[in-house]
>>> print(open('run_36.txt').read())   # compact mmCIF, C-alpha atoms and all ligand atoms
# COMPACT_ATOMS: atom_id res chain seq x y z
CA MET R 1 0.00 0.00 0.00
CA ASP R 2 1.10 3.56 -0.66
CA SER R 3 0.31 4.84 2.82
CA ALA R 4 3.80 4.15 4.25
CA TYR R 5 5.36 5.79 1.19
CA PHE R 6 3.29 8.94 1.72
CA ALA R 7 3.65 8.87 5.51
CA GLN R 8 7.46 8.93 5.16
CA ARG R 9 7.11 12.27 3.37
CA ILE R 10 4.80 13.92 5.89
CA ARG R 11 6.49 15.83 8.70
CA THR R 12 4.91 16.21 12.12
CA ILE R 13 5.47 19.49 13.94
CA ALA R 14 4.51 19.28 17.62
CA ASP R 15 2.70 22.20 19.25
CA TRP R 16 2.17 24.23 16.07
CA PRO R 17 0.42 26.60 15.50
CA GLU R 18 -0.44 26.24 19.17
CA PRO R 19 0.26 23.89 22.11
CA GLY R 20 -1.38 20.49 21.81
CA VAL R 21 -1.64 20.46 18.00
CA GLN R 22 0.40 17.89 16.07
CA PHE R 23 0.66 19.66 12.73
CA ARG R 24 0.93 17.30 9.74
CA ASP R 25 3.10 19.11 7.22
CA ILE R 26 2.75 17.82 3.64
CA THR R 27 5.33 20.19 2.11
CA PRO R 28 8.06 17.46 1.94
CA LEU R 29 5.62 15.27 -0.01
CA LEU R 30 4.83 18.11 -2.41
CA ARG R 31 8.54 18.92 -2.82
CA ASP R 32 9.26 15.36 -4.01
CA GLY R 33 8.16 15.30 -7.65
CA ALA R 34 7.71 11.53 -7.87
CA ALA R 35 5.75 11.47 -4.61
CA PHE R 36 3.56 14.42 -5.60
CA ARG R 37 2.73 12.68 -8.86
CA ARG R 38 2.02 9.42 -7.03
CA LEU R 39 -0.29 11.28 -4.66
CA ILE R 40 -2.32 12.72 -7.52
CA GLU R 41 -2.36 9.33 -9.29
CA ALA R 42 -3.65 7.65 -6.12
CA PHE R 43 -6.67 9.97 -6.18
CA ALA R 44 -7.01 9.78 -9.97
CA GLU R 45 -7.25 5.96 -9.90
CA ARG R 46 -10.07 6.16 -7.39
CA TYR R 47 -12.13 8.61 -9.42
CA ALA R 48 -11.22 7.48 -12.95
CA ASP R 49 -14.66 5.98 -13.62
CA GLU R 50 -16.73 8.52 -11.66
CA ARG R 51 -18.63 11.40 -13.14
CA ILE R 52 -16.89 14.48 -11.74
CA ASP R 53 -17.82 17.88 -13.16
CA ALA R 54 -15.60 19.87 -10.83
CA ILE R 55 -13.27 19.59 -7.87
CA ALA R 56 -13.79 22.04 -5.02
CA GLY R 57 -10.38 22.56 -3.39
CA ILE R 58 -10.17 24.13 0.05
CA ASP R 59 -7.89 27.13 0.73
CA ALA R 60 -4.92 26.69 0.69
CA ARG R 61 -3.44 23.17 0.58
CA GLY R 62 -6.61 21.84 -1.02
CA PHE R 63 -5.84 24.13 -3.97
CA ILE R 64 -2.52 22.39 -4.63
CA ILE R 65 -3.90 18.86 -4.59
CA GLY R 66 -7.33 19.70 -6.00
CA ALA R 67 -6.01 21.71 -8.94
CA ALA R 68 -3.48 19.03 -9.93
CA LEU R 69 -6.20 16.37 -9.70
CA ALA R 70 -8.66 18.47 -11.74
CA TYR R 71 -6.02 18.84 -14.45
CA ARG R 72 -5.38 15.08 -14.35
CA LEU R 73 -9.09 14.20 -14.53
CA GLY R 74 -9.87 16.91 -17.06
CA CYS R 75 -12.58 18.53 -14.94
CA GLY R 76 -13.10 22.06 -13.61
CA PHE R 77 -11.71 23.52 -10.40
CA ILE R 78 -13.57 25.57 -7.76
CA PRO R 79 -11.53 27.51 -5.20
CA VAL R 80 -13.19 27.40 -1.77
CA ARG R 81 -11.64 30.52 -0.28
CA LYS R 82 -11.27 32.15 3.09
CA ALA R 83 -13.58 35.12 3.64
CA GLY R 84 -13.11 38.31 1.67
CA LYS R 85 -10.90 37.00 -1.15
CA LEU R 86 -13.42 36.40 -3.94
CA PRO R 87 -14.38 39.37 -6.16
CA PHE R 88 -17.84 38.31 -7.40
CA ALA R 89 -21.08 37.57 -5.45
CA THR R 90 -20.47 34.81 -2.88
CA VAL R 91 -22.16 32.33 -0.57
CA SER R 92 -20.45 31.75 2.77
CA GLU R 93 -20.39 29.27 5.64
CA SER R 94 -18.76 29.78 9.02
CA TYR R 95 -17.28 26.92 11.04
CA ALA R 96 -15.08 26.07 14.02
CA LEU R 97 -11.50 24.83 13.44
CA GLU R 98 -9.34 22.52 15.54
CA TYR R 99 -7.75 25.87 16.40
CA GLY R 100 -9.79 29.08 15.93
CA GLU R 101 -12.79 29.89 13.76
CA ALA R 102 -13.22 30.75 10.09
CA VAL R 103 -15.48 31.46 7.14
CA VAL R 104 -15.23 29.90 3.68
CA GLU R 105 -16.81 31.20 0.50
CA VAL R 106 -17.40 30.34 -3.14
CA HIS R 107 -18.81 32.38 -5.97
CA THR R 108 -22.57 31.98 -6.43
CA ASP R 109 -21.96 30.56 -9.92
CA ALA R 110 -19.23 28.13 -8.79
CA ALA R 111 -21.47 25.11 -9.45
CA GLU R 112 -24.82 24.43 -11.06
CA ALA R 113 -27.67 22.32 -9.72
CA GLY R 114 -27.08 18.62 -10.40
CA GLU R 115 -23.36 18.91 -11.02
CA HIS R 116 -21.14 16.25 -9.41
CA VAL R 117 -18.51 17.86 -7.22
CA LEU R 118 -15.59 16.22 -5.41
CA VAL R 119 -14.36 18.22 -2.40
CA ILE R 120 -10.62 17.99 -1.67
CA ASP R 121 -8.45 19.14 1.23
CA ASP R 122 -5.13 18.02 2.71
CA LEU R 123 -6.49 16.95 6.09
CA ILE R 124 -9.71 16.27 8.01
CA ALA R 125 -9.48 17.04 11.74
CA THR R 126 -12.82 18.02 13.33
CA GLY R 127 -14.36 18.01 9.85
CA GLY R 128 -15.64 21.57 10.24
CA THR R 129 -13.79 22.93 7.21
CA MET R 130 -14.77 20.04 4.96
CA LEU R 131 -18.39 20.17 6.10
CA ALA R 132 -18.56 23.93 5.44
CA ALA R 133 -17.22 23.40 1.90
CA VAL R 134 -19.69 20.55 1.34
CA ARG R 135 -22.55 22.77 2.53
CA LEU R 136 -21.52 25.55 0.15
CA MET R 137 -21.65 23.13 -2.76
CA GLN R 138 -24.96 21.68 -1.61
CA ARG R 139 -26.45 25.17 -1.32
CA LEU R 140 -25.65 25.64 -5.01
CA GLY R 141 -27.46 22.36 -5.74
CA ALA R 142 -24.39 20.25 -6.46
CA LYS R 143 -24.21 16.54 -5.64
CA ILE R 144 -21.19 15.66 -3.49
CA VAL R 145 -19.24 12.74 -4.94
CA GLU R 146 -17.06 12.41 -1.84
CA ALA R 147 -14.91 14.36 0.60
CA GLY R 148 -11.32 13.43 -0.21
CA ALA R 149 -8.23 14.17 1.88
CA VAL R 150 -4.63 13.04 2.15
CA ILE R 151 -4.91 12.62 5.93
CA ASP R 152 -7.75 11.85 8.32
CA LEU R 153 -7.37 12.28 12.09
CA PRO R 154 -10.17 9.94 13.23
CA ALA R 155 -9.70 10.76 16.93
CA LEU R 156 -10.94 14.28 16.21
CA GLY R 157 -14.22 12.93 14.86
CA GLY R 158 -14.34 14.68 11.49
CA ALA R 159 -14.84 11.57 9.38
CA GLU R 160 -17.62 10.40 11.68
CA ARG R 161 -19.28 13.81 11.55
CA LEU R 162 -19.15 13.86 7.75
CA ARG R 163 -20.55 10.35 7.46
CA ALA R 164 -23.35 11.31 9.86
CA ALA R 165 -24.15 14.19 7.49
CA GLY R 166 -24.38 11.67 4.63
CA VAL R 167 -21.05 12.62 3.04
CA PRO R 168 -18.81 9.72 1.94
CA ILE R 169 -15.18 10.33 2.83
CA HIS R 170 -11.89 8.97 1.54
CA ALA R 171 -8.44 9.54 3.05
CA LEU R 172 -5.12 8.05 1.97
CA LEU R 173 -3.68 8.08 5.51
CA ARG R 174 -4.94 7.99 9.07
CA TYR R 175 -3.06 9.25 12.14
P1 LIG H 1 -10.95 20.78 10.63
O1 LIG H 1 -11.89 21.83 10.13
O2 LIG H 1 -10.87 20.77 12.12
O3 LIG H 1 -11.25 19.42 10.06
O4 LIG H 1 -9.50 21.19 10.17
C1 LIG H 1 -9.06 20.90 8.88
C2 LIG H 1 -8.35 22.07 8.24
O5 LIG H 1 -7.40 22.65 9.12
C3 LIG H 1 -7.60 21.63 7.01
O6 LIG H 1 -7.71 22.65 6.02
C4 LIG H 1 -6.17 21.46 7.49
O7 LIG H 1 -5.25 21.97 6.54
C5 LIG H 1 -6.08 22.26 8.78
N1 LIG H 1 -5.61 21.44 9.91
C6 LIG H 1 -6.30 21.15 11.04
N2 LIG H 1 -5.60 20.41 11.89
C7 LIG H 1 -4.41 20.17 11.27
C8 LIG H 1 -3.26 19.42 11.63
N3 LIG H 1 -3.16 18.76 12.79
N4 LIG H 1 -2.23 19.38 10.74
C9 LIG H 1 -2.31 20.03 9.55
N5 LIG H 1 -3.38 20.75 9.17
C10 LIG H 1 -4.42 20.84 10.01
>>> encode(input="run_36.txt", output="structure tokens", more="lines below")
Ligand code: AMP
Amino acid sequence: MDSAYFAQRIRTIADWPEPGVQFRDITPLLRDGAAFRRLIEAFAERYADERIDAIAGIDARGFIIGAALAYRLGCGFIPVRKAGKLPFATVSESYALEYGEAVVEVHTDAAEAGEHVLVIDDLIATGGTMLAAVRLMQRLGAKIVEAGAVIDLPALGGAERLRAAGVPIHALLRY
């Protein structure tokens, strides 16, 4: 399985950005060209036979993975941005983070009713960020294919929370 290969390229920073958080840093994985490609291929294999009209990537690490995957699958890309960054009319959702609180937004024309959207981020902790992005897409009438992430932290309950909300989730690694 690829999980050990990816895990070797993920760095853990203790107590960052605040005490008690074990930050999972994927920059070494991204910096390794072969590993970055293998990461995108791992997702691409999973979704090769799925109808996906667009990938919604979450600010900011979800942009890197989501955009590369959208290019690979030949579908569109939707940036799910932090508040105040998008120039056109937006819909927004607020949510609680593992540390702090935030708002995410998309443009009102980011997806059309009935479109199949895959939501991508680097990591699911409490699931708040992913759930907010899913809700944005659902408010535009999109069907969620799945919530995909490189890493899931099951102890923080995010995956469970998403499943309870009827959202299928897929993660390459669990810590
Ligand atoms: P949550 O909303 O609690 O599921 O948090 C997920 C979001 O916060 C993702 O966009 C992650 O990039 C970031 N995040 C939360 N906890 C961590 C962590 N321990 N290591 C790396 N990123 C994290």
>>> residues_around(input="run_36.txt", residues="segment 93-104 of chain R", least_positions_apart="6", cutoff="10 Å", atoms="only C-alpha atoms", output="PyMOL selection string")
chain R and resi 17-18+20-21+58-59+79-85+124-136+156
>>> atom_distance(input="run_36.txt", atom1="atom CA of Ile78 of chain R", atom2="atom N5 of ligand LIG 1 (chain H)")
20.3 Å
>>> atom_distance(input="run_36.txt", atom1="atom CA of Arg37 of chain R", atom2="atom CA of Leu73 of chain R")
13.2 Å
>>> closest_residue(input="run_36.txt", among="R:His116, R:Arg139, R:Arg38, R:Arg24", to="ligand LIG 1 (chain H)", atoms="all atoms listed in the file")
R:Arg24
>>> closest_residue(input="run_36.txt", among="R:Phe6, R:Phe23, R:Phe88, R:Phe63", to="ligand LIG 1 (chain H)", atoms="all atoms listed in the file")
R:Phe23
>>> residues_around(input="run_36.txt", residues="segment 48-51 of chain R", least_positions_apart="6", cutoff="10 Å", atoms="all atoms listed in the file", output="list in words")
Glu41, Arg72, Leu73, Cys75, Glu115, His116, Val117, Leu118 and Val145 of chain R
>>> write_last_selection(input="run_36.txt", atoms="C-alpha atoms", output="CSV table (one decimal), in the frame of the given file")
chain,number,residue,atom,x,y,z
R,41,GLU,CA,-2.4,9.3,-9.3
R,72,ARG,CA,-5.4,15.1,-14.4
R,73,LEU,CA,-9.1,14.2,-14.5
R,75,CYS,CA,-12.6,18.5,-14.9
R,115,GLU,CA,-23.4,18.9,-11.0
R,116,HIS,CA,-21.1,16.2,-9.4
R,117,VAL,CA,-18.5,17.9,-7.2
R,118,LEU,CA,-15.6,16.2,-5.4
R,145,VAL,CA,-19.2,12.7,-4.9
>>> closest_residue(input="run_36.txt", among="R:Pro168, R:Pro28, R:Gly33, R:Gly157", to="ligand LIG 1 (chain H)", atoms="all atoms listed in the file")
R:Gly157
>>> axis_aligned_box(input="run_36.txt", around="ligand LIG 1 (chain H)", padding_each_side="5 Å", output="AutoDock Vina command-line options")
--center_x -7.1 --center_y 20.7 --center_z 9.4 --size_x 19.7 --size_y 13.9 --size_z 16.8
>>> residues_around(input="run_36.txt", residues="segment 3-5 of chain R", least_positions_apart="5", cutoff="9 Å", atoms="all atoms listed in the file", output="PDB file with C-alpha atoms, keeping the file's coordinate frame")
ATOM      1  CA  ALA R  35       5.750  11.470  -4.610  1.00  0.00           C
ATOM      2  CA  LEU R 172      -5.120   8.050   1.970  1.00  0.00           C
ATOM      3  CA  LEU R 173      -3.680   8.080   5.510  1.00  0.00           C
ATOM      4  CA  ARG R 174      -4.940   7.990   9.070  1.00  0.00           C
TER       5      ARG R 174
END
>>> atom_distance(input="run_36.txt", atom1="atom CA of Gln8 of chain R", atom2="atom CA of Ala155 of chain R")
20.9 Å
>>> residues_near_point(input="run_36.txt", point="(-5.3, 15.2, 6.2)", cutoff="6 Å", atoms="only C-alpha atoms", output="list in words")
Asp122, Leu123, Ile124, Ala149, Val150, Ile151 and Asp152 of chain R
>>> closest_residue(input="run_36.txt", among="R:Gly74, R:Gly141, R:Gly158, R:Gly166", to="ligand LIG 1 (chain H)", atoms="all atoms listed in the file")
R:Gly158
>>> residues_around(input="run_36.txt", residues="Arg61 of chain R", least_positions_apart="6", cutoff="10 Å", atoms="all atoms listed in the file", output="VMD selection string")
chain R and resid 26 to 27 67 120 to 123
>>> closest_residue(input="run_36.txt", among="R:Phe36, R:Gly62, R:Ala54, R:Glu105", to="ligand LIG 1 (chain H)", atoms="all atoms listed in the file")
R:Gly62
>>> build_atoms(input="run_36.txt", residues="segment 57-81 of chain R", atoms="N, CA and C atoms", output="mmCIF file, keeping the file's coordinate frame")
data_model
loop_
_atom_site.group_PDB
_atom_site.id
_atom_site.type_symbol
_atom_site.label_atom_id
_atom_site.label_comp_id
_atom_site.auth_asym_id
_atom_site.auth_seq_id
_atom_site.Cartn_x
_atom_site.Cartn_y
_atom_site.Cartn_z
ATOM 1 N N GLY R 57 -11.585 22.665 -4.222
ATOM 2 C CA GLY R 57 -10.380 22.560 -3.390
ATOM 3 C C GLY R 57 -10.421 23.626 -2.310
ATOM 4 N N ILE R 58 -10.071 23.212 -1.091
ATOM 5 C CA ILE R 58 -10.170 24.130 0.050
ATOM 6 C C ILE R 58 -8.854 24.875 0.281
ATOM 7 N N ASP R 59 -8.958 26.178 0.423
ATOM 8 C CA ASP R 59 -7.890 27.130 0.730
ATOM 9 C C ASP R 59 -7.069 26.615 1.923
ATOM 10 N N ALA R 60 -5.775 26.462 1.831
ATOM 11 C CA ALA R 60 -4.920 26.690 0.690
ATOM 12 C C ALA R 60 -4.311 25.384 0.172
ATOM 13 N N ARG R 61 -4.097 24.401 1.044
ATOM 14 C CA ARG R 61 -3.440 23.170 0.580
ATOM 15 C C ARG R 61 -4.356 22.335 -0.293
ATOM 16 N N GLY R 62 -5.667 22.520 -0.130
ATOM 17 C CA GLY R 62 -6.610 21.840 -1.020
ATOM 18 C C GLY R 62 -6.548 22.354 -2.446
ATOM 19 N N PHE R 63 -6.011 23.591 -2.608
ATOM 20 C CA PHE R 63 -5.840 24.130 -3.970
ATOM 21 C C PHE R 63 -4.769 23.336 -4.714
ATOM 22 N N ILE R 64 -3.690 23.020 -3.993
ATOM 23 C CA ILE R 64 -2.520 22.390 -4.630
ATOM 24 C C ILE R 64 -2.898 20.998 -5.128
ATOM 25 N N ILE R 65 -3.534 20.231 -4.248
ATOM 26 C CA ILE R 65 -3.900 18.860 -4.590
ATOM 27 C C ILE R 65 -5.101 18.852 -5.530
ATOM 28 N N GLY R 66 -6.094 19.664 -5.199
ATOM 29 C CA GLY R 66 -7.330 19.700 -6.000
ATOM 30 C C GLY R 66 -7.096 20.170 -7.420
ATOM 31 N N ALA R 67 -6.248 21.180 -7.596
ATOM 32 C CA ALA R 67 -6.010 21.710 -8.940
ATOM 33 C C ALA R 67 -5.236 20.696 -9.794
ATOM 34 N N ALA R 68 -4.242 20.046 -9.182
ATOM 35 C CA ALA R 68 -3.480 19.030 -9.930
ATOM 36 C C ALA R 68 -4.396 17.868 -10.323
ATOM 37 N N LEU R 69 -5.277 17.481 -9.416
ATOM 38 C CA LEU R 69 -6.200 16.370 -9.700
ATOM 39 C C LEU R 69 -7.224 16.761 -10.764
ATOM 40 N N ALA R 70 -7.702 18.002 -10.724
ATOM 41 C CA ALA R 70 -8.660 18.470 -11.740
ATOM 42 C C ALA R 70 -8.007 18.441 -13.120
ATOM 43 N N TYR R 71 -6.758 18.881 -13.177
ATOM 44 C CA TYR R 71 -6.020 18.840 -14.450
ATOM 45 C C TYR R 71 -5.906 17.391 -14.935
ATOM 46 N N ARG R 72 -5.557 16.492 -14.018
ATOM 47 C CA ARG R 72 -5.380 15.080 -14.350
ATOM 48 C C ARG R 72 -6.674 14.428 -14.824
ATOM 49 N N LEU R 73 -7.803 14.809 -14.176
ATOM 50 C CA LEU R 73 -9.090 14.200 -14.530
ATOM 51 C C LEU R 73 -9.783 14.955 -15.663
ATOM 52 N N GLY R 74 -9.273 16.122 -15.979
ATOM 53 C CA GLY R 74 -9.870 16.910 -17.060
ATOM 54 C C GLY R 74 -11.200 17.538 -16.664
ATOM 55 N N CYS R 75 -11.343 17.868 -15.387
ATOM 56 C CA CYS R 75 -12.580 18.530 -14.940
ATOM 57 C C CYS R 75 -12.252 19.947 -14.456
ATOM 58 N N GLY R 76 -13.291 20.685 -14.074
ATOM 59 C CA GLY R 76 -13.100 22.060 -13.610
ATOM 60 C C GLY R 76 -12.608 22.129 -12.172
ATOM 61 N N PHE R 77 -12.180 23.314 -11.764
ATOM 62 C CA PHE R 77 -11.710 23.520 -10.400
ATOM 63 C C PHE R 77 -12.444 24.706 -9.762
ATOM 64 N N ILE R 78 -12.880 24.518 -8.524
ATOM 65 C CA ILE R 78 -13.570 25.570 -7.760
ATOM 66 C C ILE R 78 -12.735 25.908 -6.525
ATOM 67 N N PRO R 79 -12.240 27.143 -6.424
ATOM 68 C CA PRO R 79 -11.530 27.510 -5.200
ATOM 69 C C PRO R 79 -12.513 27.836 -4.073
ATOM 70 N N VAL R 80 -12.408 27.095 -2.975
ATOM 71 C CA VAL R 80 -13.190 27.400 -1.770
ATOM 72 C C VAL R 80 -12.270 28.267 -0.920
ATOM 73 N N ARG R 81 -12.593 29.581 -0.849
ATOM 74 C CA ARG R 81 -11.640 30.520 -0.280
ATOM 75 C C ARG R 81 -12.013 31.008 1.107
#
